[in-house]
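Q: Please find target.pdb (PDB, C-alpha atoms) on the next line:
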ATOM      1  CA  MET A   1       8.945  -6.849   7.746  1.00  0.00           C
ATOM      2  CA  LEU A   2       6.294  -9.365   8.841  1.00  0.00           C
ATOM      3  CA  ASP A   3       7.139 -12.216   6.480  1.00  0.00           C
ATOM      4  CA  LYS A   4       9.533 -14.038   8.805  1.00  0.00           C
ATOM      5  CA  TYR A   5       6.736 -14.202  11.403  1.00  0.00           C
ATOM      6  CA  SER A   6       3.831 -15.018   9.086  1.00  0.00           C
ATOM      7  CA  LEU A   7       5.823 -17.782   7.393  1.00  0.00           C
ATOM      8  CA  GLN A   8       6.221 -19.551  10.736  1.00  0.00           C
ATOM      9  CA  ILE A   9       2.443 -19.455  11.231  1.00  0.00           C
ATOM     10  CA  ILE A  10       1.452 -20.714   7.791  1.00  0.00           C
ATOM     11  CA  LYS A  11       4.229 -23.279   7.416  1.00  0.00           C
ATOM     12  CA  PRO A  12       2.495 -26.194   9.251  1.00  0.00           C
ATOM     13  CA  PRO A  13      -0.820 -25.978   7.311  1.00  0.00           C
ATOM     14  CA  LEU A  14       1.058 -25.478   4.039  1.00  0.00           C
ATOM     15  CA  ASN A  15       3.121 -28.589   4.663  1.00  0.00           C
ATOM     16  CA  TRP A  16      -0.073 -30.575   5.398  1.00  0.00           C
ATOM     17  CA  ILE A  17      -1.669 -29.420   2.128  1.00  0.00           C
ATOM     18  CA  VAL A  18       1.538 -30.130   0.212  1.00  0.00           C
ATOM     19  CA  LYS A  19       1.517 -33.764   1.338  1.00  0.00           C
ATOM     20  CA  LYS A  20      -2.007 -34.100  -0.067  1.00  0.00           C
ATOM     21  CA  LEU A  21      -1.061 -32.386  -3.324  1.00  0.00           C
ATOM     22  CA  ALA A  22       1.990 -34.610  -3.767  1.00  0.00           C
ATOM     23  CA  ARG A  23      -0.312 -37.620  -4.050  1.00  0.00           C
ATOM     24  CA  LEU A  24      -2.032 -35.986  -7.042  1.00  0.00           C
ATOM     25  CA  ASN A  25       1.267 -35.827  -8.905  1.00  0.00           C
ATOM     26  CA  LEU A  26       0.915 -32.093  -9.431  1.00  0.00           C
ATOM     27  CA  LYS A  27       3.957 -30.151 -10.569  1.00  0.00           C
ATOM     28  CA  PRO A  28       4.978 -26.954  -8.757  1.00  0.00           C
ATOM     29  CA  TYR A  29       4.785 -24.906 -11.962  1.00  0.00           C
ATOM     30  CA  GLN A  30       1.161 -26.028 -12.440  1.00  0.00           C
ATOM     31  CA  ILE A  31       0.267 -24.528  -9.069  1.00  0.00           C
ATOM     32  CA  THR A  32       2.181 -21.361  -9.995  1.00  0.00           C
ATOM     33  CA  LEU A  33       0.247 -20.986 -13.247  1.00  0.00           C
ATOM     34  CA  GLY A  34      -3.076 -21.917 -11.661  1.00  0.00           C
ATOM     35  CA  GLY A  35      -2.597 -19.397  -8.871  1.00  0.00           C
ATOM     36  CA  PHE A  36      -1.678 -16.712 -11.380  1.00  0.00           C
ATOM     37  CA  GLY A  37      -4.838 -17.451 -13.365  1.00  0.00           C
ATOM     38  CA  LEU A  38      -6.983 -17.143 -10.241  1.00  0.00           C
ATOM     39  CA  GLY A  39      -5.309 -13.864  -9.328  1.00  0.00           C
ATOM     40  CA  MET A  40      -5.886 -12.379 -12.767  1.00  0.00           C
ATOM     41  CA  LEU A  41      -9.520 -13.439 -12.619  1.00  0.00           C
ATOM     42  CA  GLY A  42      -9.645 -11.541  -9.341  1.00  0.00           C
ATOM     43  CA  VAL A  43      -8.407  -8.447 -11.184  1.00  0.00           C
ATOM     44  CA  VAL A  44     -11.322  -8.797 -13.608  1.00  0.00           C
ATOM     45  CA  LEU A  45     -13.718  -8.892 -10.644  1.00  0.00           C
ATOM     46  CA  ILE A  46     -12.102  -5.719  -9.270  1.00  0.00           C
ATOM     47  CA  ILE A  47     -12.816  -3.932 -12.545  1.00  0.00           C
ATOM     48  CA  TYR A  48     -16.470  -4.982 -12.221  1.00  0.00           C
ATOM     49  CA  GLU A  49     -16.422  -3.869  -8.562  1.00  0.00           C
ATOM     50  CA  GLN A  50     -17.022  -7.358  -7.202  1.00  0.00           C
ATOM     51  CA  TYR A  51     -14.557  -6.783  -4.414  1.00  0.00           C
ATOM     52  CA  LEU A  52     -15.322  -9.654  -2.044  1.00  0.00           C
ATOM     53  CA  GLY A  53     -15.082 -12.190  -4.855  1.00  0.00           C
ATOM     54  CA  ALA A  54     -11.849 -10.526  -5.952  1.00  0.00           C
ATOM     55  CA  LEU A  55     -10.455 -10.776  -2.427  1.00  0.00           C
ATOM     56  CA  CYS A  56     -11.212 -14.503  -2.292  1.00  0.00           C
ATOM     57  CA  LEU A  57      -9.329 -15.076  -5.550  1.00  0.00           C
ATOM     58  CA  ILE A  58      -6.446 -12.864  -4.442  1.00  0.00           C
ATOM     59  CA  LEU A  59      -6.110 -14.911  -1.250  1.00  0.00           C
ATOM     60  CA  LEU A  60      -6.188 -18.148  -3.265  1.00  0.00           C
ATOM     61  CA  ASN A  61      -3.445 -16.691  -5.445  1.00  0.00           C
ATOM     62  CA  ARG A  62      -1.320 -15.993  -2.380  1.00  0.00           C
ATOM     63  CA  ILE A  63      -1.961 -19.484  -0.992  1.00  0.00           C
ATOM     64  CA  ALA A  64      -0.843 -20.953  -4.314  1.00  0.00           C
ATOM     65  CA  ASP A  65       2.254 -18.765  -4.130  1.00  0.00           C
ATOM     66  CA  GLY A  66       3.184 -20.467  -0.873  1.00  0.00           C
ATOM     67  CA  LEU A  67       2.240 -23.945  -2.035  1.00  0.00           C
ATOM     68  CA  ASP A  68       4.302 -24.056  -5.232  1.00  0.00           C
ATOM     69  CA  GLY A  69       7.616 -23.519  -3.462  1.00  0.00           C
ATOM     70  CA  ALA A  70       6.681 -25.796  -0.574  1.00  0.00           C
ATOM     71  CA  LEU A  71       5.715 -28.552  -3.026  1.00  0.00           C
ATOM     72  CA  ALA A  72       8.963 -28.109  -4.945  1.00  0.00           C
ATOM     73  CA  ARG A  73      10.967 -28.526  -1.742  1.00  0.00           C
ATOM     74  CA  TYR A  74       8.895 -31.514  -0.615  1.00  0.00           C
ATOM     75  CA  LYS A  75       9.391 -33.304  -3.945  1.00  0.00           C
ATOM     76  CA  SER A  76      13.014 -32.116  -4.287  1.00  0.00           C
ATOM     77  CA  GLU A  77      12.073 -30.389  -7.542  1.00  0.00           C
ATOM     78  CA  GLU A  78      13.395 -26.924  -6.740  1.00  0.00           C
ATOM     79  CA  SER A  79      14.746 -25.206  -9.836  1.00  0.00           C
ATOM     80  CA  ALA A  80      15.882 -21.824 -11.056  1.00  0.00           C
ATOM     81  CA  ALA A  81      13.196 -22.003 -13.743  1.00  0.00           C
ATOM     82  CA  GLY A  82      10.473 -22.480 -11.127  1.00  0.00           C
ATOM     83  CA  ALA A  83      11.742 -19.641  -8.950  1.00  0.00           C
ATOM     84  CA  PHE A  84      11.988 -17.410 -12.028  1.00  0.00           C
ATOM     85  CA  LEU A  85       8.404 -18.168 -13.107  1.00  0.00           C
ATOM     86  CA  ASP A  86       7.134 -17.615  -9.581  1.00  0.00           C
ATOM     87  CA  ILE A  87       8.690 -14.186  -9.057  1.00  0.00           C
ATOM     88  CA  VAL A  88       7.866 -12.865 -12.541  1.00  0.00           C
ATOM     89  CA  LEU A  89       4.192 -13.820 -12.279  1.00  0.00           C
ATOM     90  CA  ASP A  90       4.042 -12.397  -8.748  1.00  0.00           C
ATOM     91  CA  PHE A  91       5.195  -8.981  -9.891  1.00  0.00           C
ATOM     92  CA  ILE A  92       2.842  -8.996 -12.869  1.00  0.00           C
ATOM     93  CA  PHE A  93      -0.037  -9.897 -10.542  1.00  0.00           C
ATOM     94  CA  TYR A  94       0.838  -7.157  -8.027  1.00  0.00           C
ATOM     95  CA  GLN A  95       0.798  -4.507 -10.739  1.00  0.00           C
ATOM     96  CA  ALA A  96      -2.381  -5.928 -12.276  1.00  0.00           C
ATOM     97  CA  VAL A  97      -4.323  -5.494  -9.020  1.00  0.00           C
ATOM     98  CA  ILE A  98      -3.466  -1.798  -9.003  1.00  0.00           C
ATOM     99  CA  VAL A  99      -4.368  -1.485 -12.692  1.00  0.00           C
ATOM    100  CA  GLY A 100      -7.734  -3.021 -11.839  1.00  0.00           C
ATOM    101  CA  PHE A 101      -8.450  -0.344  -9.248  1.00  0.00           C
ATOM    102  CA  ALA A 102      -7.213   2.378 -11.599  1.00  0.00           C
ATOM    103  CA  LEU A 103      -9.787   1.259 -14.163  1.00  0.00           C
ATOM    104  CA  VAL A 104     -12.629   1.414 -11.639  1.00  0.00           C
ATOM    105  CA  SER A 105     -12.607   5.193 -11.295  1.00  0.00           C
ATOM    106  CA  PRO A 106     -10.717   8.195 -12.722  1.00  0.00           C
ATOM    107  CA  ASN A 107     -10.190   9.303  -9.120  1.00  0.00           C
ATOM    108  CA  ASN A 108      -7.964   6.258  -8.588  1.00  0.00           C
ATOM    109  CA  VAL A 109      -5.652   6.804 -11.543  1.00  0.00           C
ATOM    110  CA  THR A 110      -3.088   9.257 -10.153  1.00  0.00           C
ATOM    111  CA  VAL A 111      -2.407   7.437  -6.895  1.00  0.00           C
ATOM    112  CA  SER A 112      -2.376   4.108  -8.764  1.00  0.00           C
ATOM    113  CA  LEU A 113       0.341   5.347 -11.119  1.00  0.00           C
ATOM    114  CA  LEU A 114       2.414   6.583  -8.179  1.00  0.00           C
ATOM    115  CA  LEU A 115       1.893   3.311  -6.326  1.00  0.00           C
ATOM    116  CA  MET A 116       2.955   1.301  -9.375  1.00  0.00           C
ATOM    117  CA  LEU A 117       6.094   3.442  -9.590  1.00  0.00           C
ATOM    118  CA  SER A 118       6.850   2.672  -5.942  1.00  0.00           C
ATOM    119  CA  PHE A 119       6.289  -1.035  -6.712  1.00  0.00           C
ATOM    120  CA  VAL A 120       8.952  -0.727  -9.417  1.00  0.00           C
ATOM    121  CA  GLY A 121      11.333   0.640  -6.785  1.00  0.00           C
ATOM    122  CA  THR A 122      10.741  -2.204  -4.334  1.00  0.00           C
ATOM    123  CA  GLY A 123      10.863  -4.841  -7.080  1.00  0.00           C
ATOM    124  CA  CYS A 124      13.986  -3.558  -8.830  1.00  0.00           C
ATOM    125  CA  SER A 125      15.949  -3.125  -5.607  1.00  0.00           C
ATOM    126  CA  PHE A 126      14.823  -6.596  -4.506  1.00  0.00           C
ATOM    127  CA  LEU A 127      15.779  -8.378  -7.729  1.00  0.00           C
ATOM    128  CA  ALA A 128      18.970  -6.421  -8.420  1.00  0.00           C
ATOM    129  CA  PHE A 129      20.346  -7.292  -4.994  1.00  0.00           C
ATOM    130  CA  ALA A 130      19.362 -10.935  -5.462  1.00  0.00           C
ATOM    131  CA  ILE A 131      21.572 -11.109  -8.577  1.00  0.00           C
ATOM    132  CA  TYR A 132      24.657  -9.903  -6.729  1.00  0.00           C
ATOM    133  CA  ALA A 133      23.819 -11.838  -3.577  1.00  0.00           C
ATOM    134  CA  GLU A 134      24.071 -14.972  -5.698  1.00  0.00           C
ATOM    135  CA  LYS A 135      27.357 -13.770  -7.234  1.00  0.00           C
ATOM    136  CA  PHE A 136      28.962 -13.052  -3.863  1.00  0.00           C
ATOM    137  CA  LYS A 137      27.275 -15.999  -2.079  1.00  0.00           C
ATOM    138  CA  ILE A 138      25.566 -13.782   0.489  1.00  0.00           C
ATOM    139  CA  LYS A 139      23.600 -16.047   2.818  1.00  0.00           C
ATOM    140  CA  ASN A 140      19.866 -15.570   3.198  1.00  0.00           C
ATOM    141  CA  ILE A 141      19.585 -16.017   6.963  1.00  0.00           C
ATOM    142  CA  ASN A 142      15.922 -15.090   7.488  1.00  0.00           C
ATOM    143  CA  PHE A 143      14.554 -16.903   4.422  1.00  0.00           C
ATOM    144  CA  PRO A 144      16.831 -19.878   3.666  1.00  0.00           C
ATOM    145  CA  GLN A 145      13.959 -21.747   1.967  1.00  0.00           C
ATOM    146  CA  LYS A 146      13.638 -19.178  -0.821  1.00  0.00           C
ATOM    147  CA  GLY A 147      14.997 -19.950  -4.287  1.00  0.00           C
ATOM    148  CA  PHE A 148      16.678 -16.534  -4.438  1.00  0.00           C
ATOM    149  CA  HIS A 149      17.937 -13.970  -1.918  1.00  0.00           C
ATOM    150  CA  TYR A 150      14.870 -12.520  -0.198  1.00  0.00           C
ATOM    151  CA  MET A 151      15.657  -8.941   0.819  1.00  0.00           C
ATOM    152  CA  ASN A 152      13.919  -7.515   3.893  1.00  0.00           C
ATOM    153  CA  GLY A 153      11.879  -4.335   3.863  1.00  0.00           C
ATOM    154  CA  PHE A 154       8.883  -2.555   5.344  1.00  0.00           C
ATOM    155  CA  ALA A 155       6.711  -3.741   2.434  1.00  0.00           C
ATOM    156  CA  GLU A 156       7.054  -7.477   1.943  1.00  0.00           C
ATOM    157  CA  GLY A 157       4.587 -10.151   0.912  1.00  0.00           C
ATOM    158  CA  THR A 158       2.554 -10.104   4.136  1.00  0.00           C
ATOM    159  CA  GLU A 159       2.130  -6.328   4.097  1.00  0.00           C
ATOM    160  CA  THR A 160       1.105  -6.457   0.441  1.00  0.00           C
ATOM    161  CA  ILE A 161      -1.562  -9.085   1.146  1.00  0.00           C
ATOM    162  CA  LEU A 162      -2.900  -6.978   4.032  1.00  0.00           C
ATOM    163  CA  PHE A 163      -3.006  -3.944   1.750  1.00  0.00           C
ATOM    164  CA  PHE A 164      -4.885  -5.856  -0.957  1.00  0.00           C
ATOM    165  CA  ALA A 165      -7.347  -7.100   1.673  1.00  0.00           C
ATOM    166  CA  LEU A 166      -7.968  -3.580   2.955  1.00  0.00           C
ATOM    167  CA  ILE A 167      -8.600  -2.047  -0.465  1.00  0.00           C
ATOM    168  CA  CYS A 168     -10.984  -4.875  -1.358  1.00  0.00           C
ATOM    169  CA  LEU A 169     -12.866  -4.590   1.932  1.00  0.00           C
ATOM    170  CA  PHE A 170     -12.884  -0.786   1.913  1.00  0.00           C
ATOM    171  CA  PRO A 171     -12.732   0.201  -1.782  1.00  0.00           C
ATOM    172  CA  TYR A 172     -14.146   3.680  -1.106  1.00  0.00           C
ATOM    173  CA  TYR A 173     -10.986   4.413   0.882  1.00  0.00           C
ATOM    174  CA  TYR A 174      -8.716   3.205  -1.903  1.00  0.00           C
ATOM    175  CA  VAL A 175      -7.001   6.560  -2.486  1.00  0.00           C
ATOM    176  CA  PRO A 176      -5.756   7.168   1.093  1.00  0.00           C
ATOM    177  CA  LEU A 177      -4.914   3.472   1.578  1.00  0.00           C
ATOM    178  CA  ALA A 178      -2.953   3.390  -1.685  1.00  0.00           C
ATOM    179  CA  PHE A 179      -1.154   6.603  -0.799  1.00  0.00           C
ATOM    180  CA  GLY A 180      -0.190   5.216   2.600  1.00  0.00           C
ATOM    181  CA  PHE A 181       1.128   1.985   1.124  1.00  0.00           C
ATOM    182  CA  MET A 182       3.023   3.971  -1.503  1.00  0.00           C
ATOM    183  CA  VAL A 183       4.866   5.787   1.300  1.00  0.00           C
ATOM    184  CA  ILE A 184       5.752   2.430   2.875  1.00  0.00           C
ATOM    185  CA  CYS A 185       7.025   1.137  -0.495  1.00  0.00           C
ATOM    186  CA  ILE A 186       9.141   4.254  -1.019  1.00  0.00           C
ATOM    187  CA  ALA A 187      10.647   3.841   2.458  1.00  0.00           C
ATOM    188  CA  THR A 188      11.373   0.185   1.638  1.00  0.00           C
ATOM    189  CA  THR A 189      13.074   1.161  -1.613  1.00  0.00           C
ATOM    190  CA  ILE A 190      15.264   3.748   0.115  1.00  0.00           C
ATOM    191  CA  VAL A 191      16.317   1.295   2.842  1.00  0.00           C
ATOM    192  CA  ARG A 192      17.041  -1.460   0.300  1.00  0.00           C
ATOM    193  CA  ILE A 193      19.125   0.857  -1.885  1.00  0.00           C
ATOM    194  CA  TRP A 194      21.117   2.053   1.111  1.00  0.00           C
ATOM    195  CA  PHE A 195      21.596  -1.465   2.493  1.00  0.00           C
ATOM    196  CA  GLY A 196      22.285  -3.000  -0.914  1.00  0.00           C
ATOM    197  CA  TYR A 197      24.842  -0.388  -1.941  1.00  0.00           C
ATOM    198  CA  HIS A 198      26.811  -0.511   1.308  1.00  0.00           C
ATOM    199  CA  THR A 199      26.652  -4.315   1.509  1.00  0.00           C
ATOM    200  CA  LEU A 200      27.879  -4.846  -2.035  1.00  0.00           C
ATOM    201  CA  ASN A 201      30.433  -2.051  -1.707  1.00  0.00           C
ATOM    202  CA  SER A 202      32.074  -3.995   1.124  1.00  0.00           C
ATOM    203  CA  PHE A 203      32.695  -6.876  -1.298  1.00  0.00           C
ATOM    204  CA  SER A 204      34.439  -4.649  -3.818  1.00  0.00           C
ATOM    205  CA  GLU A 205      36.798  -2.967  -1.396  1.00  0.00           C
TER     206      GLU A 205
END
Represent the structure contained in this file as structure tokens.
A:
Amino acid sequence: MLDKYSLQIIKPPLNWIVKKLARLNLKPYQITLGGFGLGMLGVVLIIYEQYLGALCLILLNRIADGLDGALARYKSEESAAGAFLDIVLDFIFYQAVIVGFALVSPNNVTVSLLLMLSFVGTGCSFLAFAIYAEKFKIKNINFPQKGFHYMNGFAEGTETILFFALICLFPYYYVPLAFGFMVICIATTIVRIWFGYHTLNSFSE
């Protein structure tokens, strides 16, 4: 819901950093893998309850997630393989953060499992629609820079980052925060299923 606004804010600094990175001859996939490694290290810190350090690494992971695509576009190296690697590692990382909190305390396990299930709903509806959007050439108006069709929802990248920040800053409130975000993810899944079904149904009539 907030991505189309946050992307406009972060685009100028990202482009400045990308120009510096291009001089180092870095490949976009290297940034993708490096960012994933930092994010997973952040998960380890969560397990050891080093939440502020974890938050720093999570934010670096998200910065890398913006830089890899921006660098690919700047160097005209956009590819299906790069977009595939990016989205797969993103979803693994999202789930891993929740696993980290589940391992901190038995009190976190139930809501973490439910939240992960809601993540499956948002992810599956997102990716399934992207497949058919490509087949039917459905234009991605709000996110034309993305390597695949980016489906809107209440829980997008910006909301997920804010949620991760909140649970790292206020870990003792993890259960109610996770429950609240789970509700948002479920609402996103329902809206995406409804929108996706009716949109694709119009192409088959």
Q: Mind pulling up the distance from CA of Phe181 in chain A to CA of Gly157 in chain A?
A: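 Result for CA of Gly157 in chain A versus CA of Phe181 in chain A: 12.6 Å, one decimal.
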Q: Please enumerate the residues selected by the PyMOL selection byres ((chain A and resi 85) around 12) when evaluated against the supplied file, formatted as a ChimeraX atom specification.
A: /A:28-33,35-36,65,68-69,78-84,86-92,147
Q: Output C-alpha atoms of each residue in that selection to a file, as a CSV table (one decimal), keeping the file's coordinate frame.
A:
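Okay, selection00.csv is ready:
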chain,number,residue,atom,x,y,z
A,28,PRO,CA,5.0,-27.0,-8.8
A,29,TYR,CA,4.8,-24.9,-12.0
A,30,GLN,CA,1.2,-26.0,-12.4
A,31,ILE,CA,0.3,-24.5,-9.1
A,32,THR,CA,2.2,-21.4,-10.0
A,33,LEU,CA,0.2,-21.0,-13.2
A,35,GLY,CA,-2.6,-19.4,-8.9
A,36,PHE,CA,-1.7,-16.7,-11.4
A,65,ASP,CA,2.3,-18.8,-4.1
A,68,ASP,CA,4.3,-24.1,-5.2
A,69,GLY,CA,7.6,-23.5,-3.5
A,78,GLU,CA,13.4,-26.9,-6.7
A,79,SER,CA,14.7,-25.2,-9.8
A,80,ALA,CA,15.9,-21.8,-11.1
A,81,ALA,CA,13.2,-22.0,-13.7
A,82,GLY,CA,10.5,-22.5,-11.1
A,83,ALA,CA,11.7,-19.6,-9.0
A,84,PHE,CA,12.0,-17.4,-12.0
A,86,ASP,CA,7.1,-17.6,-9.6
A,87,ILE,CA,8.7,-14.2,-9.1
A,88,VAL,CA,7.9,-12.9,-12.5
A,89,LEU,CA,4.2,-13.8,-12.3
A,90,ASP,CA,4.0,-12.4,-8.7
A,91,PHE,CA,5.2,-9.0,-9.9
A,92,ILE,CA,2.8,-9.0,-12.9
A,147,GLY,CA,15.0,-20.0,-4.3
Q: Pull out every residue that the PyMOL selection byres ((chain A and resi 48-62) around 7) matches in the shown coordinates and put them as a ChimeraX atom specification.
A: /A:35-36,38-39,42-47,63-66,165,168-169
Q: Give me the residues within 12 Å of Phe195 in chain A as a PDB file with C-alpha atoms, in the frame of the given file, counting all atoms listed in the file and dropping any in the same chain fewer than 5 places off.
A:
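The new file result-v1.pdb reads:
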ATOM      1  CA  SER A 125      15.949  -3.125  -5.607  1.00  0.00           C
ATOM      2  CA  PHE A 126      14.823  -6.596  -4.506  1.00  0.00           C
ATOM      3  CA  PHE A 129      20.346  -7.292  -4.994  1.00  0.00           C
ATOM      4  CA  MET A 151      15.657  -8.941   0.819  1.00  0.00           C
ATOM      5  CA  ASN A 152      13.919  -7.515   3.893  1.00  0.00           C
ATOM      6  CA  GLY A 153      11.879  -4.335   3.863  1.00  0.00           C
ATOM      7  CA  THR A 188      11.373   0.185   1.638  1.00  0.00           C
ATOM      8  CA  THR A 189      13.074   1.161  -1.613  1.00  0.00           C
ATOM      9  CA  ILE A 190      15.264   3.748   0.115  1.00  0.00           C
ATOM     10  CA  LEU A 200      27.879  -4.846  -2.035  1.00  0.00           C
ATOM     11  CA  ASN A 201      30.433  -2.051  -1.707  1.00  0.00           C
ATOM     12  CA  SER A 202      32.074  -3.995   1.124  1.00  0.00           C
TER      13      SER A 202
END
Q: For the file shown, report as a ChimeraX atom specification the outcome of the PyMOL selection byres ((chain A and resi 73-76) around 9) at residue level.
A: /A:15,18-19,22,68-72,77-78,145
Q: Those residues you just picked out, can you put them in a file as a PDB file, in the frame of the given file with C-alpha atoms?
A:
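Listed below is the output, part07.pdb:
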ATOM      1  CA  ASN A  15       3.121 -28.589   4.663  1.00  0.00           C
ATOM      2  CA  VAL A  18       1.538 -30.130   0.212  1.00  0.00           C
ATOM      3  CA  LYS A  19       1.517 -33.764   1.338  1.00  0.00           C
ATOM      4  CA  ALA A  22       1.990 -34.610  -3.767  1.00  0.00           C
ATOM      5  CA  ASP A  68       4.302 -24.056  -5.232  1.00  0.00           C
ATOM      6  CA  GLY A  69       7.616 -23.519  -3.462  1.00  0.00           C
ATOM      7  CA  ALA A  70       6.681 -25.796  -0.574  1.00  0.00           C
ATOM      8  CA  LEU A  71       5.715 -28.552  -3.026  1.00  0.00           C
ATOM      9  CA  ALA A  72       8.963 -28.109  -4.945  1.00  0.00           C
ATOM     10  CA  GLU A  77      12.073 -30.389  -7.542  1.00  0.00           C
ATOM     11  CA  GLU A  78      13.395 -26.924  -6.740  1.00  0.00           C
ATOM     12  CA  GLN A 145      13.959 -21.747   1.967  1.00  0.00           C
TER      13      GLN A 145
END
Q: Residues at most 7 Å from Phe119 in chain A, counting all atoms listed in the file, excluding those fewer than 4 positions away in the same chain, as a list in words?
A: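 These residues fall inside the cut-off: Leu115, Gly123 and Cys185 of chain A.
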Q: Work out how far apart CA of Thr199 in chain A and CA of Phe136 in chain A are and give it in Å to one decimal.
A: 10.5 Å
Q: Tell me, in Å to one decimal, how far CA of Ile10 in chain A is from CA of Phe93 in chain A.
A: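 Pair CA of Ile10 in chain A / CA of Phe93 in chain A returns 21.3 Å.
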Q: With distances taken over only C-alpha atoms, which residue among A:Leu67, A:Val191, A:Tyr174, A:Lys27 lies nearest Leu14 in chain A?
A: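 Closest to Leu14 in chain A, using only C-alpha atoms: A:Leu67.
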Q: Identify which of the residues A:Ile138, A:Asn25, A:Thr122, A:Gly37 lies closest to Glu156 in chain A, counting all atoms listed in the file when measuring atom-to-atom distances.
A: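 Ranked by minimum distance to Glu156 in chain A, first place goes to A:Thr122.
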Q: Taking all atoms listed in the file into account, name the residue in A:Phe154, A:Phe179, A:Phe101, A:Phe163 that is nearest to Leu114 in chain A.
A: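 Once distances to Leu114 in chain A are computed over all atoms listed in the file, the minimum belongs to A:Phe179.
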Q: So which residues are close to (2.9, -0.2, -9.5), meaning at most 9 Å away in the file's coordinates with all atoms listed in the file counted, and can you show them as a VMD selection string?
A: chain A and resid 94 to 99 112 to 121
